[in-house]
Amino acid sequence: MYDWNALWHEHQGYRTGHSGTRDDINRLADELGARLIRPAQAIGDTAVYDREDAFLLARLQDGLQLVEVAKHRLFDITPRLVEDDEGTGLAPPYLEIRAENHATAESACWRGAISAGDDGTLLIDGHVLGQDREPAMRFPTLSFNDSADFRHALSHLWREELPVLHGLFASALTPPATERQQTGALHPGDDARLSEICDRYAEIVRREQATLSRLFDDNELHLIAAVLAELHFDSAASCRGLWLAIEARLIDDELDRKWEIDLASLLDRMKTLTYAQEIALIEALTPLDADSRRGSDID
């Protein structure tokens, strides 16, 4: 279900010493009052115990160390632009934010209409994207709806990630060119506006690639490029969560051994990437066609 070793590193700041049995971390079920669901395979590996509300991760590291990860903290948030009528009762275009938690088997969606204000500003659920405070974004069926971690993640999504998609949302409010031509609604300046959006997109990608050059080494970039060569993204929203595709290929093909990289470290860093950084990686490392590849812009 999870990359447990990666979870250990991600939450190791919260680890605590344990005075119980030290010779076999796979035999702590009675002491911890939890069920062993993944035994450690070797020294340095993580044993995982399942308690009703949390996972307990155990390692022999400077003695027996435990990390408790509350299940309600293991959520994923995915934004999606919806431009077709999907029978939700909300007219497109709208933003859909899906929250899932595989540990608690919960999922729910929030949807906010995308519109333009009187002065042309982009609104999501009546809030100016990138300026106003985020909408309430209520997920009443989720047990972790009001948790500080979840609310912070939603706020970060609104302030940091969604503004990067401003041009995409704005374009959803503009009819396709063929439709504008048929209705005689082709406005002067549309080409200039599109060029402006493309220039901004290119600058965002350039800046993010400069950051990524300090985050990944050459072998890691080669590995990511090898995975991207086999991927096809059906939409802009599907580019999110690139680390999941990397993890799947590493499990199946053991590319980490081929390129001699630290799998847990790579996945840890990939999980922290913003949507803009993931797009920058895709733009730099995706091949143009079967015979040529974009030279990496990350040097």
# chains A, B, ... in the order shown; residues from 1 in each chain; ligands from 1
>>> residues_around(residues="Thr141 of chain A", least_positions_apart="4", cutoff="12 Å", atoms="only C-alpha atoms", output="PyMOL selection string")
chain A and resi 99-100+105-110+145-146
>>> write_last_selection(atoms="C-alpha atoms", output="PDB file, in the first residue's frame")
ATOM      1  CA  ALA A  99      -9.284  13.981  -1.287  1.00  0.00           C
ATOM      2  CA  GLU A 100      -8.456  10.326  -0.663  1.00  0.00           C
ATOM      3  CA  ALA A 105     -10.690   3.963   3.005  1.00  0.00           C
ATOM      4  CA  GLU A 106     -12.200   7.436   2.684  1.00  0.00           C
ATOM      5  CA  SER A 107     -12.627   9.673  -0.350  1.00  0.00           C
ATOM      6  CA  ALA A 108     -14.640  12.763  -1.184  1.00  0.00           C
ATOM      7  CA  CYS A 109     -14.766  15.615  -3.695  1.00  0.00           C
ATOM      8  CA  TRP A 110     -15.255  19.354  -3.461  1.00  0.00           C
ATOM      9  CA  ASN A 145     -11.919  17.208   7.336  1.00  0.00           C
ATOM     10  CA  ASP A 146     -11.066  19.609  10.163  1.00  0.00           C
TER      11      ASP A 146
END
>>> select_by_dssp(residues="segment 194-272 of chain A", states="alpha helix (DSSP H)", output="VMD selection string")
chain A and resid 194 to 212 218 to 228 242 to 253 255 to 259 263 to 271
>>> select_by_dssp(residues="segment 101-248 of chain A", states="strand (DSSP E or B)", output="compact mmCIF listing (two decimals) with N, CA, C and O atoms, in the first residue's frame")
# COMPACT_ATOMS: atom_id res chain seq x y z
N ASN A 101 -7.92 8.91 1.18
CA ASN A 101 -7.07 8.36 2.23
C ASN A 101 -7.23 6.84 2.18
O ASN A 101 -8.25 6.30 2.60
N GLU A 106 -11.29 6.30 2.86
CA GLU A 106 -12.20 7.44 2.68
C GLU A 106 -11.84 8.22 1.42
O GLU A 106 -10.67 8.32 1.05
N SER A 107 -12.85 8.78 0.79
CA SER A 107 -12.63 9.67 -0.35
C SER A 107 -13.83 10.59 -0.49
O SER A 107 -14.95 10.22 -0.14
N ALA A 108 -13.57 11.79 -0.99
CA ALA A 108 -14.64 12.76 -1.18
C ALA A 108 -14.15 13.84 -2.15
O ALA A 108 -12.95 14.00 -2.36
N CYS A 109 -15.10 14.55 -2.74
CA CYS A 109 -14.77 15.62 -3.70
C CYS A 109 -15.41 16.93 -3.28
O CYS A 109 -16.50 16.95 -2.72
N TRP A 110 -14.70 18.00 -3.56
CA TRP A 110 -15.26 19.35 -3.46
C TRP A 110 -15.19 19.97 -4.85
O TRP A 110 -14.22 19.75 -5.59
N ARG A 111 -16.22 20.73 -5.22
CA ARG A 111 -16.25 21.34 -6.55
C ARG A 111 -16.59 22.83 -6.43
O ARG A 111 -17.47 23.21 -5.64
N GLY A 112 -15.87 23.63 -7.20
CA GLY A 112 -16.10 25.07 -7.21
C GLY A 112 -16.18 25.58 -8.63
O GLY A 112 -15.31 25.28 -9.46
N ALA A 113 -17.23 26.32 -8.93
CA ALA A 113 -17.43 26.85 -10.29
C ALA A 113 -16.32 27.83 -10.65
O ALA A 113 -15.87 28.62 -9.82
N ILE A 114 -15.90 27.77 -11.91
CA ILE A 114 -14.91 28.72 -12.45
C ILE A 114 -15.66 29.76 -13.25
O ILE A 114 -16.45 29.42 -14.14
N SER A 115 -15.43 31.01 -12.95
CA SER A 115 -16.14 32.09 -13.63
C SER A 115 -15.24 33.32 -13.71
O SER A 115 -14.13 33.34 -13.17
N ALA A 116 -15.73 34.34 -14.38
CA ALA A 116 -15.01 35.61 -14.49
C ALA A 116 -15.81 36.70 -13.81
O ALA A 116 -17.03 36.79 -13.98
N LEU A 122 -10.37 36.07 -12.60
CA LEU A 122 -10.77 34.67 -12.53
C LEU A 122 -11.26 34.35 -11.12
O LEU A 122 -10.59 34.63 -10.13
N LEU A 123 -12.43 33.73 -11.06
CA LEU A 123 -13.04 33.38 -9.78
C LEU A 123 -13.21 31.86 -9.71
O LEU A 123 -13.60 31.22 -10.69
N ILE A 124 -12.94 31.30 -8.55
CA ILE A 124 -13.26 29.91 -8.27
C ILE A 124 -14.14 29.89 -7.04
O ILE A 124 -13.73 30.34 -5.96
N HIS A 127 -14.27 33.19 -5.39
CA HIS A 127 -13.06 33.72 -4.77
C HIS A 127 -12.01 33.99 -5.83
O HIS A 127 -11.81 33.17 -6.73
N VAL A 128 -11.32 35.12 -5.73
CA VAL A 128 -10.29 35.47 -6.71
C VAL A 128 -9.07 34.58 -6.47
O VAL A 128 -8.46 34.62 -5.40
>>> residues_around(residues="Trp8 of chain A", least_positions_apart="6", cutoff="10 Å", atoms="only C-alpha atoms", output="PyMOL selection string")
chain A and resi 14-15+45-46+48+56-59+66-69+264
>>> write_last_selection(atoms="all heavy atoms", output="mmCIF file, in the first residue's frame")
data_model
loop_
_atom_site.group_PDB
_atom_site.id
_atom_site.type_symbol
_atom_site.label_atom_id
_atom_site.label_comp_id
_atom_site.auth_asym_id
_atom_site.auth_seq_id
_atom_site.Cartn_x
_atom_site.Cartn_y
_atom_site.Cartn_z
ATOM 1 N N TYR A 14 9.644 12.463 14.282
ATOM 2 C CA TYR A 14 8.717 12.193 15.386
ATOM 3 C C TYR A 14 9.000 10.857 16.067
ATOM 4 O O TYR A 14 8.220 10.391 16.890
ATOM 5 C CB TYR A 14 7.278 12.169 14.851
ATOM 6 C CG TYR A 14 6.873 13.457 14.190
ATOM 7 C CD1 TYR A 14 6.951 13.606 12.808
ATOM 8 C CD2 TYR A 14 6.427 14.543 14.938
ATOM 9 C CE1 TYR A 14 6.591 14.805 12.183
ATOM 10 C CE2 TYR A 14 6.073 15.738 14.331
ATOM 11 C CZ TYR A 14 6.153 15.856 12.948
ATOM 12 O OH TYR A 14 5.799 17.032 12.338
ATOM 13 N N ARG A 15 10.150 10.241 15.733
ATOM 14 C CA ARG A 15 10.413 8.922 16.288
ATOM 15 C C ARG A 15 10.759 9.010 17.763
ATOM 16 O O ARG A 15 11.258 10.028 18.251
ATOM 17 C CB ARG A 15 11.539 8.235 15.510
ATOM 18 C CG ARG A 15 12.893 8.884 15.668
ATOM 19 C CD ARG A 15 13.899 8.256 14.728
ATOM 20 N NE ARG A 15 15.221 8.835 14.929
ATOM 21 C CZ ARG A 15 16.251 8.623 14.153
ATOM 22 N NH1 ARG A 15 16.114 7.855 13.096
ATOM 23 N NH2 ARG A 15 17.420 9.169 14.403
ATOM 24 N N ASP A 45 15.668 -2.305 7.719
ATOM 25 C CA ASP A 45 14.352 -2.330 7.100
ATOM 26 C C ASP A 45 13.314 -1.980 8.166
ATOM 27 O O ASP A 45 13.591 -1.991 9.360
ATOM 28 C CB ASP A 45 14.081 -3.709 6.499
ATOM 29 C CG ASP A 45 12.892 -3.718 5.539
ATOM 30 O OD1 ASP A 45 12.507 -2.619 5.075
ATOM 31 O OD2 ASP A 45 12.352 -4.801 5.256
ATOM 32 N N THR A 46 12.101 -1.679 7.714
ATOM 33 C CA THR A 46 11.046 -1.210 8.612
ATOM 34 C C THR A 46 9.987 -2.278 8.826
ATOM 35 O O THR A 46 9.451 -2.830 7.860
ATOM 36 C CB THR A 46 10.371 0.048 8.038
ATOM 37 O OG1 THR A 46 11.368 1.057 7.797
ATOM 38 C CG2 THR A 46 9.326 0.602 8.987
ATOM 39 N N VAL A 48 6.180 -2.955 10.201
ATOM 40 C CA VAL A 48 4.992 -2.115 10.276
ATOM 41 C C VAL A 48 3.887 -2.827 11.048
ATOM 42 O O VAL A 48 3.552 -3.978 10.747
ATOM 43 C CB VAL A 48 4.471 -1.746 8.864
ATOM 44 C CG1 VAL A 48 3.268 -0.818 8.982
ATOM 45 C CG2 VAL A 48 5.570 -1.106 8.041
ATOM 46 N N LEU A 56 2.330 1.901 13.205
ATOM 47 C CA LEU A 56 3.526 2.006 14.027
ATOM 48 C C LEU A 56 4.683 1.410 13.237
ATOM 49 O O LEU A 56 4.654 0.237 12.868
ATOM 50 C CB LEU A 56 3.346 1.260 15.350
ATOM 51 C CG LEU A 56 2.189 1.765 16.235
ATOM 52 C CD1 LEU A 56 2.006 0.839 17.428
ATOM 53 C CD2 LEU A 56 2.456 3.176 16.699
ATOM 54 N N LEU A 57 5.702 2.218 12.959
ATOM 55 C CA LEU A 57 6.869 1.802 12.186
ATOM 56 C C LEU A 57 8.030 1.589 13.139
ATOM 57 O O LEU A 57 8.347 2.471 13.944
ATOM 58 C CB LEU A 57 7.227 2.870 11.149
ATOM 59 C CG LEU A 57 6.395 2.944 9.859
ATOM 60 C CD1 LEU A 57 4.916 3.108 10.137
ATOM 61 C CD2 LEU A 57 6.887 4.099 8.983
ATOM 62 N N ALA A 58 8.640 0.415 13.058
ATOM 63 C CA ALA A 58 9.722 0.065 13.987
ATOM 64 C C ALA A 58 11.010 -0.222 13.217
ATOM 65 O O ALA A 58 10.987 -0.857 12.161
ATOM 66 C CB ALA A 58 9.323 -1.146 14.816
ATOM 67 N N ARG A 59 12.128 0.249 13.787
ATOM 68 C CA ARG A 59 13.451 -0.011 13.207
ATOM 69 C C ARG A 59 14.471 -0.156 14.316
ATOM 70 O O ARG A 59 14.351 0.465 15.373
ATOM 71 C CB ARG A 59 13.891 1.147 12.299
ATOM 72 C CG ARG A 59 13.521 0.999 10.847
ATOM 73 C CD ARG A 59 14.344 1.941 10.008
ATOM 74 N NE ARG A 59 13.954 1.906 8.613
ATOM 75 C CZ ARG A 59 14.644 2.490 7.630
ATOM 76 N NH1 ARG A 59 15.747 3.146 7.918
ATOM 77 N NH2 ARG A 59 14.233 2.416 6.394
ATOM 78 N N LEU A 66 10.689 3.850 17.237
ATOM 79 C CA LEU A 66 9.319 3.755 16.749
ATOM 80 C C LEU A 66 8.879 5.079 16.145
ATOM 81 O O LEU A 66 9.245 6.149 16.642
ATOM 82 C CB LEU A 66 8.346 3.400 17.881
ATOM 83 C CG LEU A 66 8.408 1.996 18.475
ATOM 84 C CD1 LEU A 66 7.374 1.870 19.588
ATOM 85 C CD2 LEU A 66 8.158 0.943 17.412
ATOM 86 N N VAL A 67 8.105 4.999 15.072
ATOM 87 C CA VAL A 67 7.451 6.170 14.508
ATOM 88 C C VAL A 67 5.960 5.863 14.421
ATOM 89 O O VAL A 67 5.566 4.843 13.847
ATOM 90 C CB VAL A 67 7.992 6.512 13.102
ATOM 91 C CG1 VAL A 67 7.111 7.552 12.428
ATOM 92 C CG2 VAL A 67 9.416 7.029 13.196
ATOM 93 N N GLU A 68 5.156 6.711 15.011
ATOM 94 C CA GLU A 68 3.703 6.544 14.943
ATOM 95 C C GLU A 68 3.152 7.513 13.905
ATOM 96 O O GLU A 68 3.345 8.720 14.010
ATOM 97 C CB GLU A 68 3.060 6.811 16.304
ATOM 98 C CG GLU A 68 1.545 6.659 16.295
ATOM 99 C CD GLU A 68 0.923 6.814 17.676
ATOM 100 O OE1 GLU A 68 1.614 6.485 18.673
ATOM 101 O OE2 GLU A 68 -0.230 7.271 17.768
ATOM 102 N N VAL A 69 2.472 6.981 12.894
ATOM 103 C CA VAL A 69 1.890 7.794 11.828
ATOM 104 C C VAL A 69 0.374 7.654 11.888
ATOM 105 O O VAL A 69 -0.178 6.588 11.586
ATOM 106 C CB VAL A 69 2.395 7.366 10.438
ATOM 107 C CG1 VAL A 69 1.820 8.286 9.364
ATOM 108 C CG2 VAL A 69 3.916 7.370 10.389
ATOM 109 N N ALA A 264 14.646 5.360 -1.577
ATOM 110 C CA ALA A 264 13.851 6.074 -0.564
ATOM 111 C C ALA A 264 14.097 7.576 -0.644
ATOM 112 O O ALA A 264 13.163 8.373 -0.564
ATOM 113 C CB ALA A 264 14.188 5.555 0.833
#
>>> closest_residue(among="A:Asn219, A:Ala29, A:Arg214, A:Ala237", to="Arg98 of chain A", atoms="only C-alpha atoms")
A:Ala237
>>> closest_residue(among="A:Leu129, A:Leu95, A:Leu154, A:Ala34", to="Phe75 of chain A", atoms="only C-alpha atoms")
A:Leu154
>>> closest_residue(among="A:Asp262, A:Glu278, A:Asp30, A:Glu10", to="Thr211 of chain A", atoms="only C-alpha atoms")
A:Glu278
>>> closest_residue(among="A:Asp62, A:Ser235, A:Gln131, A:Glu260", to="Arg159 of chain A", atoms="only C-alpha atoms")
A:Gln131
>>> closest_residue(among="A:His9, A:Arg206, A:Arg193, A:Arg240", to="Tyr275 of chain A", atoms="only C-alpha atoms")
A:Arg240
